[in-house]
Amino acid sequence: MTEFEDQGVSLTALAVAAGRAVETSRADALVKDPFAAALVEAAHSHVDFPTSWPSDPGALSPLQQPLLLASIYIGVRTRFIDDFLQSAPATGQTVVLGAGLDTRSHRLGWPAGSQVFEIDHANVLDFKAGVLARLSPPPSCELITLAADLSEPWRALLLAVGFDAGQPTTWVLEGLLPYLDSAAQKAVLAEVMELSGPGSRAVIERAVPLPKTEDFEAKLRDFSLQTGLPMSELLARADPPDPEKLLTGAGWRCEGHPVQDLCETYGRTLSLSPADPAHRAKPEQPPHDHSRGGFVTAWRP
C-alpha cells in the first residue's frame, strides 16, 4: 500500500496514536495511554496532529477538526478492545494483526506467562520499540514482534517465532481490514480461523462497503490525489467479506457491536458539538466511514 510516511511510520498509524493522546488528555478519558503523545512527537510529522483536547474545538484548522473528531471514535474503539482483552477468559497467546503504534503490550496488565505477538512492517515496529524503550520498563507480557506484510502470506513466519496454533489465542484486528483489498481481507480471516485452537477468541473491526455512486467515486479521486493512494487500491475494497458470516459458518459464536451502541455505552457522540444536532455531520474519510462500521467479537468453542 502506498502512503505518505514520517520517520518511516505511516500517517494512519500516527493519526491513531494522536487520537489516543487526545483521548488521554480529556478529563473524562476512556483510555489512558501515557506513550501516545510521545510517539507522535518522535515522528516529527509534517502533519500538525492534535495531541490534546482543545478548549475551543471550533477554533481548530480545517485539517485538525477532522482529526479531532476521529479521536472520539479512536477513544471508543480503543476502550472497547481494551475491555475485551481484559475480560475473561484470557488466553495465553494474543496476536495483534497490523499492530501499528498500539501500546497495549506496555500499558495493560497481562497475566503471568502471557505472550503478545505484534505483526506489522519492520519500520513501524522498530520505531515504536525505540520510543517505548526510552519511556517504559519492559512489559509484563512476553512481547514478540514479527515484521510481515499482511497482504502477503504470513502464517509460516508466525509459526517460526513460537506461535502455537493448537493453543487458545486472542486475535485483535483493529484498523486493519479497511486498509486491505477484499481478497486480502478474506485471506487474513481464513488464517485466523485456521490458526485458532479451541477456546480462541477475536475482536474484529469491520470494513465498510463503499457506495457505488458517481459522487462517491469523485470523492475517492480527490482522496487519492491528497494521499497518494491509488484509486485501484480503493476500489478493490468495495465488496469486503463479512467477518461475522465467515466465522459463524466455521462454527464460531459471534456478536456484532454497532458503533452507535458503543458510543452510547461509553458516553460519546461522534461530534465536536454534541449538543447541536447541526454539527453531527461526519467529515468525509474515504475509504472508511467510522459511523457505518462496527465490530465483531467471536469465540471458537
# chains A, B, ... in the order shown; residues from 1 in each chain; ligands from 1

call {"tool": "residues_around", "arguments": {"residues": "A:Pro138", "least_positions_apart": "3", "cutoff": "12 Å", "atoms": "only C-alpha atoms", "output": "PyMOL selection string"}}
result
chain A and resi 103+105-109+129+132-135+141-143

call {"tool": "write_last_selection", "arguments": {"atoms": "all heavy atoms", "output": "JSON list (two decimals), in the first residue's frame"}}
result
[["chain", "number", "residue", "atom", "x", "y", "z"],
["A", 103, "THR", "N", -0.01, 0.32, 21.94],
["A", 103, "THR", "CA", 0.86, 0.20, 23.13],
["A", 103, "THR", "C", 0.26, -0.70, 24.20],
["A", 103, "THR", "O", 0.68, -0.66, 25.35],
["A", 103, "THR", "CB", 1.11, 1.60, 23.74],
["A", 103, "THR", "OG1", -0.14, 2.18, 24.15],
["A", 103, "THR", "CG2", 1.81, 2.52, 22.76],
["A", 105, "SER", "N", 0.70, -3.74, 24.83],
["A", 105, "SER", "CA", 1.69, -4.63, 25.44],
["A", 105, "SER", "C", 2.34, -3.98, 26.65],
["A", 105, "SER", "O", 2.72, -4.67, 27.61],
["A", 105, "SER", "CB", 2.77, -5.01, 24.43],
["A", 105, "SER", "OG", 3.44, -3.85, 23.95],
["A", 106, "HIS", "N", 2.44, -2.65, 26.65],
["A", 106, "HIS", "CA", 3.10, -1.92, 27.73],
["A", 106, "HIS", "C", 2.11, -1.32, 28.74],
["A", 106, "HIS", "O", 2.45, -1.18, 29.91],
["A", 106, "HIS", "CB", 3.97, -0.81, 27.17],
["A", 106, "HIS", "CG", 5.25, -1.29, 26.57],
["A", 106, "HIS", "ND1", 5.30, -2.04, 25.40],
["A", 106, "HIS", "CD2", 6.54, -1.17, 26.98],
["A", 106, "HIS", "CE1", 6.56, -2.32, 25.12],
["A", 106, "HIS", "NE2", 7.33, -1.81, 26.05],
["A", 107, "ARG", "N", 0.93, -0.94, 28.29],
["A", 107, "ARG", "CA", 0.06, -0.20, 29.21],
["A", 107, "ARG", "C", -1.02, -1.05, 29.88],
["A", 107, "ARG", "O", -1.65, -0.59, 30.85],
["A", 107, "ARG", "CB", -0.57, 1.01, 28.50],
["A", 107, "ARG", "CG", -1.52, 0.67, 27.37],
["A", 107, "ARG", "CD", -2.11, 1.92, 26.73],
["A", 107, "ARG", "NE", -3.00, 1.59, 25.64],
["A", 107, "ARG", "CZ", -4.25, 1.18, 25.78],
["A", 107, "ARG", "NH1", -4.77, 1.05, 26.99],
["A", 107, "ARG", "NH2", -5.00, 0.88, 24.73],
["A", 108, "LEU", "N", -1.25, -2.26, 29.40],
["A", 108, "LEU", "CA", -2.22, -3.14, 30.05],
["A", 108, "LEU", "C", -1.51, -4.13, 30.95],
["A", 108, "LEU", "O", -0.36, -4.50, 30.71],
["A", 108, "LEU", "CB", -3.05, -3.90, 29.01],
["A", 108, "LEU", "CG", -3.96, -3.10, 28.07],
["A", 108, "LEU", "CD1", -4.77, -4.05, 27.20],
["A", 108, "LEU", "CD2", -4.87, -2.15, 28.84],
["A", 109, "GLY", "N", -2.20, -4.59, 31.99],
["A", 109, "GLY", "CA", -1.67, -5.65, 32.83],
["A", 109, "GLY", "C", -1.95, -7.00, 32.18],
["A", 109, "GLY", "O", -3.07, -7.25, 31.73],
["A", 129, "ALA", "N", 9.44, 0.49, 19.09],
["A", 129, "ALA", "CA", 10.30, -0.13, 20.11],
["A", 129, "ALA", "C", 11.33, 0.87, 20.62],
["A", 129, "ALA", "O", 11.62, 0.92, 21.82],
["A", 129, "ALA", "CB", 10.98, -1.36, 19.54],
["A", 132, "LEU", "N", 9.46, 3.43, 22.96],
["A", 132, "LEU", "CA", 8.99, 2.83, 24.21],
["A", 132, "LEU", "C", 10.16, 2.43, 25.11],
["A", 132, "LEU", "O", 10.04, 2.46, 26.34],
["A", 132, "LEU", "CB", 8.10, 1.63, 23.92],
["A", 132, "LEU", "CG", 6.74, 1.94, 23.28],
["A", 132, "LEU", "CD1", 5.95, 0.66, 23.06],
["A", 132, "LEU", "CD2", 5.94, 2.92, 24.13],
["A", 133, "ALA", "N", 11.29, 2.07, 24.52],
["A", 133, "ALA", "CA", 12.45, 1.69, 25.34],
["A", 133, "ALA", "C", 12.93, 2.87, 26.19],
["A", 133, "ALA", "O", 13.48, 2.67, 27.28],
["A", 133, "ALA", "CB", 13.58, 1.20, 24.44],
["A", 134, "ARG", "N", 12.70, 4.09, 25.70],
["A", 134, "ARG", "CA", 13.11, 5.28, 26.45],
["A", 134, "ARG", "C", 12.08, 5.69, 27.49],
["A", 134, "ARG", "O", 12.38, 6.47, 28.39],
["A", 134, "ARG", "CB", 13.35, 6.45, 25.50],
["A", 134, "ARG", "CG", 14.43, 6.20, 24.46],
["A", 134, "ARG", "CD", 14.84, 7.48, 23.76],
["A", 134, "ARG", "NE", 13.73, 8.11, 23.05],
["A", 134, "ARG", "CZ", 13.44, 7.87, 21.78],
["A", 134, "ARG", "NH1", 14.17, 6.99, 21.08],
["A", 134, "ARG", "NH2", 12.44, 8.49, 21.18],
["A", 135, "LEU", "N", 10.86, 5.19, 27.36],
["A", 135, "LEU", "CA", 9.76, 5.69, 28.19],
["A", 135, "LEU", "C", 9.25, 4.70, 29.22],
["A", 135, "LEU", "O", 8.61, 5.09, 30.20],
["A", 135, "LEU", "CB", 8.57, 6.07, 27.30],
["A", 135, "LEU", "CG", 8.78, 7.18, 26.27],
["A", 135, "LEU", "CD1", 7.53, 7.31, 25.41],
["A", 135, "LEU", "CD2", 9.10, 8.49, 26.96],
["A", 141, "CYS", "N", 4.09, -8.80, 29.75],
["A", 141, "CYS", "CA", 3.94, -9.96, 28.87],
["A", 141, "CYS", "C", 5.27, -10.24, 28.18],
["A", 141, "CYS", "O", 6.20, -9.42, 28.23],
["A", 141, "CYS", "CB", 2.87, -9.70, 27.82],
["A", 141, "CYS", "SG", 3.28, -8.31, 26.71],
["A", 142, "GLU", "N", 5.36, -11.39, 27.52],
["A", 142, "GLU", "CA", 6.47, -11.64, 26.61],
["A", 142, "GLU", "C", 6.07, -11.08, 25.25],
["A", 142, "GLU", "O", 5.16, -11.60, 24.60],
["A", 142, "GLU", "CB", 6.75, -13.15, 26.49],
["A", 142, "GLU", "CG", 7.88, -13.46, 25.52],
["A", 142, "GLU", "CD", 8.07, -14.95, 25.26],
["A", 142, "GLU", "OE1", 7.31, -15.76, 25.84],
["A", 142, "GLU", "OE2", 8.96, -15.29, 24.45],
["A", 143, "LEU", "N", 6.71, -10.00, 24.85],
["A", 143, "LEU", "CA", 6.37, -9.33, 23.59],
["A", 143, "LEU", "C", 7.24, -9.88, 22.47],
["A", 143, "LEU", "O", 8.48, -9.84, 22.54],
["A", 143, "LEU", "CB", 6.57, -7.82, 23.71],
["A", 143, "LEU", "CG", 6.34, -7.00, 22.44],
["A", 143, "LEU", "CD1", 4.92, -7.18, 21.92],
["A", 143, "LEU", "CD2", 6.65, -5.52, 22.71]]

call {"tool": "residues_around", "arguments": {"residues": "A:Ala88", "least_positions_apart": "5", "cutoff": "12 Å", "atoms": "only C-alpha atoms", "output": "ChimeraX atom specification"}}
result
/A:83,111,170,199-201,299

call {"tool": "write_last_selection", "arguments": {"atoms": "N, CA, C and O atoms", "output": "PDB file, in the first residue's frame"}}
result
ATOM      1  N   ASP A  83     -11.352  -3.377  26.918  1.00  0.00           N
ATOM      2  CA  ASP A  83     -12.291  -4.104  27.771  1.00  0.00           C
ATOM      3  C   ASP A  83     -12.396  -5.563  27.339  1.00  0.00           C
ATOM      4  O   ASP A  83     -12.468  -6.474  28.177  1.00  0.00           O
ATOM      5  N   PRO A 111      -1.656 -11.345  32.440  1.00  0.00           N
ATOM      6  CA  PRO A 111      -1.434 -12.482  33.346  1.00  0.00           C
ATOM      7  C   PRO A 111      -0.048 -13.083  33.138  1.00  0.00           C
ATOM      8  O   PRO A 111       0.526 -13.001  32.049  1.00  0.00           O
ATOM      9  N   THR A 170      -6.094 -15.163  21.410  1.00  0.00           N
ATOM     10  CA  THR A 170      -6.907 -13.965  21.251  1.00  0.00           C
ATOM     11  C   THR A 170      -6.354 -13.168  20.074  1.00  0.00           C
ATOM     12  O   THR A 170      -5.152 -12.871  20.027  1.00  0.00           O
ATOM     13  N   GLY A 199     -11.272 -22.618  22.116  1.00  0.00           N
ATOM     14  CA  GLY A 199     -11.195 -21.621  23.172  1.00  0.00           C
ATOM     15  C   GLY A 199     -10.641 -20.289  22.713  1.00  0.00           C
ATOM     16  O   GLY A 199     -10.492 -19.359  23.519  1.00  0.00           O
ATOM     17  N   SER A 200     -10.332 -20.163  21.415  1.00  0.00           N
ATOM     18  CA  SER A 200      -9.816 -18.903  20.888  1.00  0.00           C
ATOM     19  C   SER A 200     -10.919 -17.870  20.779  1.00  0.00           C
ATOM     20  O   SER A 200     -12.121 -18.197  20.790  1.00  0.00           O
ATOM     21  N   ARG A 201     -10.538 -16.618  20.693  1.00  0.00           N
ATOM     22  CA  ARG A 201     -11.496 -15.525  20.558  1.00  0.00           C
ATOM     23  C   ARG A 201     -10.882 -14.436  19.693  1.00  0.00           C
ATOM     24  O   ARG A 201      -9.665 -14.405  19.467  1.00  0.00           O
ATOM     25  N   TRP A 299     -15.968 -16.175  19.345  1.00  0.00           N
ATOM     26  CA  TRP A 299     -15.379 -17.200  20.207  1.00  0.00           C
ATOM     27  C   TRP A 299     -15.456 -18.543  19.484  1.00  0.00           C
ATOM     28  O   TRP A 299     -16.503 -18.902  18.949  1.00  0.00           O
TER      29      TRP A 299
END

call {"tool": "select_by_dssp", "arguments": {"residues": "stretch 90-174 of chain A", "states": "strand (DSSP E)", "output": "MDAnalysis selection string"}}
result
chainID A and resid 93:97 115:120 142:147 169:173

call {"tool": "closest_residue", "arguments": {"among": "A:Gly256, A:Gly19, A:Pro66, A:Pro240", "to": "A:Trp53", "atoms": "only C-alpha atoms"}}
result
A:Gly19

call {"tool": "closest_residue", "arguments": {"among": "A:Gln260, A:Pro209, A:Cys254, A:Ala112", "to": "A:Asp239", "atoms": "only C-alpha atoms"}}
result
A:Pro209

call {"tool": "atom_distance", "arguments": {"atom1": "atom CA of A:Phe84", "atom2": "atom CA of A:Thr248"}}
result
19.0 Å

call {"tool": "residues_around", "arguments": {"residues": "A:Val95", "least_positions_apart": "2", "cutoff": "10 Å", "atoms": "only C-alpha atoms", "output": "list in words"}}
result
Gln93, Leu97, Gly98, Ala99, Gln115, Val116, Phe117, Glu118, Ile119, Ile144, Thr145, Leu158, Phe163, Thr169, Thr170, Trp171, Val172, Leu173, Val192 and Ala202 of chain A

call {"tool": "closest_residue", "arguments": {"among": "A:Leu67, A:Leu157, A:Leu246, A:Leu150", "to": "A:Ala190", "atoms": "only C-alpha atoms"}}
result
A:Leu246

call {"tool": "residues_around", "arguments": {"residues": "A:Pro243", "least_positions_apart": "2", "cutoff": "8 Å", "atoms": "only C-alpha atoms", "output": "number ranges by chain"}}
result
A: 189, 204, 206, 241, 245-247, 296

call {"tool": "write_last_selection", "arguments": {"atoms": "C-alpha atoms", "output": "tab-separated table (two decimals), in the first residue's frame"}}
result
chain	number	residue	atom	x	y	z
A	189	LEU	CA	-9.75	-14.05	8.23
A	204	ILE	CA	-12.52	-7.54	14.59
A	206	ARG	CA	-15.34	-4.38	10.18
A	241	PRO	CA	-16.23	-10.07	3.22
A	245	LYS	CA	-20.77	-14.55	8.35
A	246	LEU	CA	-17.41	-16.23	7.70
A	247	LEU	CA	-16.69	-17.07	11.34
A	296	VAL	CA	-17.46	-8.34	15.69

call {"tool": "closest_residue", "arguments": {"among": "A:Leu30, A:Leu125, A:Leu14, A:Ala165", "to": "A:Gly92", "atoms": "only C-alpha atoms"}}
result
A:Ala165

call {"tool": "select_by_dssp", "arguments": {"residues": "stretch 127-289 of chain A", "states": "alpha helix (DSSP H)", "output": "PyMOL selection string"}}
result
chain A and resi 127-135+155-160+182-194+214-227+231-235+243-249+259-266

call {"tool": "write_last_selection", "arguments": {"atoms": "C-alpha atoms", "output": "PDB file, in the first residue's frame"}}
result
ATOM      1  CA  PHE A 127      10.278   2.988  15.520  1.00  0.00           C
ATOM      2  CA  LYS A 128       7.815   2.098  18.274  1.00  0.00           C
ATOM      3  CA  ALA A 129      10.299  -0.127  20.113  1.00  0.00           C
ATOM      4  CA  GLY A 130      12.884   2.657  20.127  1.00  0.00           C
ATOM      5  CA  VAL A 131      10.472   5.187  21.607  1.00  0.00           C
ATOM      6  CA  LEU A 132       8.995   2.833  24.213  1.00  0.00           C
ATOM      7  CA  ALA A 133      12.449   1.689  25.336  1.00  0.00           C
ATOM      8  CA  ARG A 134      13.110   5.276  26.451  1.00  0.00           C
ATOM      9  CA  LEU A 135       9.755   5.687  28.190  1.00  0.00           C
ATOM     10  CA  ARG A 155       1.414 -17.968   8.598  1.00  0.00           C
ATOM     11  CA  ALA A 156       4.852 -19.625   8.361  1.00  0.00           C
ATOM     12  CA  LEU A 157       6.524 -16.508   9.761  1.00  0.00           C
ATOM     13  CA  LEU A 158       4.248 -16.512  12.808  1.00  0.00           C
ATOM     14  CA  LEU A 159       4.789 -20.216  13.476  1.00  0.00           C
ATOM     15  CA  ALA A 160       8.552 -19.720  13.157  1.00  0.00           C
ATOM     16  CA  SER A 182     -11.302  -7.729  -0.345  1.00  0.00           C
ATOM     17  CA  ALA A 183      -9.216 -10.777  -1.297  1.00  0.00           C
ATOM     18  CA  ALA A 184      -6.577  -9.974   1.323  1.00  0.00           C
ATOM     19  CA  GLN A 185      -9.264  -9.448   3.972  1.00  0.00           C
ATOM     20  CA  LYS A 186     -10.707 -12.880   3.243  1.00  0.00           C
ATOM     21  CA  ALA A 187      -7.227 -14.438   3.358  1.00  0.00           C
ATOM     22  CA  VAL A 188      -6.453 -12.869   6.754  1.00  0.00           C
ATOM     23  CA  LEU A 189      -9.749 -14.053   8.233  1.00  0.00           C
ATOM     24  CA  ALA A 190      -9.151 -17.551   6.843  1.00  0.00           C
ATOM     25  CA  GLU A 191      -5.734 -17.665   8.521  1.00  0.00           C
ATOM     26  CA  VAL A 192      -7.207 -16.530  11.832  1.00  0.00           C
ATOM     27  CA  MET A 193      -9.693 -19.395  11.719  1.00  0.00           C
ATOM     28  CA  GLU A 194      -7.057 -21.960  10.668  1.00  0.00           C
ATOM     29  CA  GLU A 214     -20.555   8.876  -9.179  1.00  0.00           C
ATOM     30  CA  ASP A 215     -20.477  11.325  -6.271  1.00  0.00           C
ATOM     31  CA  PHE A 216     -18.545   8.931  -4.037  1.00  0.00           C
ATOM     32  CA  GLU A 217     -16.143   7.975  -6.822  1.00  0.00           C
ATOM     33  CA  ALA A 218     -15.390  11.681  -7.275  1.00  0.00           C
ATOM     34  CA  LYS A 219     -14.599  11.904  -3.564  1.00  0.00           C
ATOM     35  CA  LEU A 220     -12.360   8.860  -3.887  1.00  0.00           C
ATOM     36  CA  ARG A 221     -10.459  10.556  -6.725  1.00  0.00           C
ATOM     37  CA  ASP A 222      -9.916  13.620  -4.514  1.00  0.00           C
ATOM     38  CA  PHE A 223      -8.836  11.391  -1.623  1.00  0.00           C
ATOM     39  CA  SER A 224      -6.425   9.575  -3.934  1.00  0.00           C
ATOM     40  CA  LEU A 225      -4.829  12.853  -5.036  1.00  0.00           C
ATOM     41  CA  GLN A 226      -4.472  14.020  -1.427  1.00  0.00           C
ATOM     42  CA  THR A 227      -2.960  10.815  -0.049  1.00  0.00           C
ATOM     43  CA  MET A 231      -7.804   4.558  -6.992  1.00  0.00           C
ATOM     44  CA  SER A 232      -7.363   0.896  -7.959  1.00  0.00           C
ATOM     45  CA  GLU A 233      -6.496   0.064  -4.345  1.00  0.00           C
ATOM     46  CA  LEU A 234      -9.502   1.969  -3.049  1.00  0.00           C
ATOM     47  CA  LEU A 235     -11.920   0.307  -5.451  1.00  0.00           C
ATOM     48  CA  PRO A 243     -16.343 -11.419   9.200  1.00  0.00           C
ATOM     49  CA  GLU A 244     -19.410 -12.427  11.200  1.00  0.00           C
ATOM     50  CA  LYS A 245     -20.767 -14.555   8.346  1.00  0.00           C
ATOM     51  CA  LEU A 246     -17.410 -16.228   7.698  1.00  0.00           C
ATOM     52  CA  LEU A 247     -16.694 -17.071  11.337  1.00  0.00           C
ATOM     53  CA  THR A 248     -20.242 -18.197  12.083  1.00  0.00           C
ATOM     54  CA  GLY A 249     -20.044 -20.516   9.092  1.00  0.00           C
ATOM     55  CA  VAL A 259     -20.527   1.975  16.583  1.00  0.00           C
ATOM     56  CA  GLN A 260     -23.576   3.864  17.820  1.00  0.00           C
ATOM     57  CA  ASP A 261     -24.191   1.250  20.524  1.00  0.00           C
ATOM     58  CA  LEU A 262     -20.609   1.594  21.737  1.00  0.00           C
ATOM     59  CA  CYS A 263     -20.882   5.387  21.747  1.00  0.00           C
ATOM     60  CA  GLU A 264     -23.941   5.108  23.973  1.00  0.00           C
ATOM     61  CA  THR A 265     -22.180   2.606  26.247  1.00  0.00           C
ATOM     62  CA  TYR A 266     -19.167   4.867  26.728  1.00  0.00           C
TER      63      TYR A 266
END

call {"tool": "closest_residue", "arguments": {"among": "A:Ala90, A:Ala122, A:Leu11, A:Val96", "to": "A:His44", "atoms": "only C-alpha atoms"}}
result
A:Leu11

call {"tool": "closest_residue", "arguments": {"among": "A:Gly58, A:Pro153, A:Pro301, A:Gly113", "to": "A:Thr94", "atoms": "only C-alpha atoms"}}
result
A:Gly113

call {"tool": "atom_distance", "arguments": {"atom1": "atom CA of A:Thr78", "atom2": "atom CA of A:Ala36"}}
result
12.2 Å
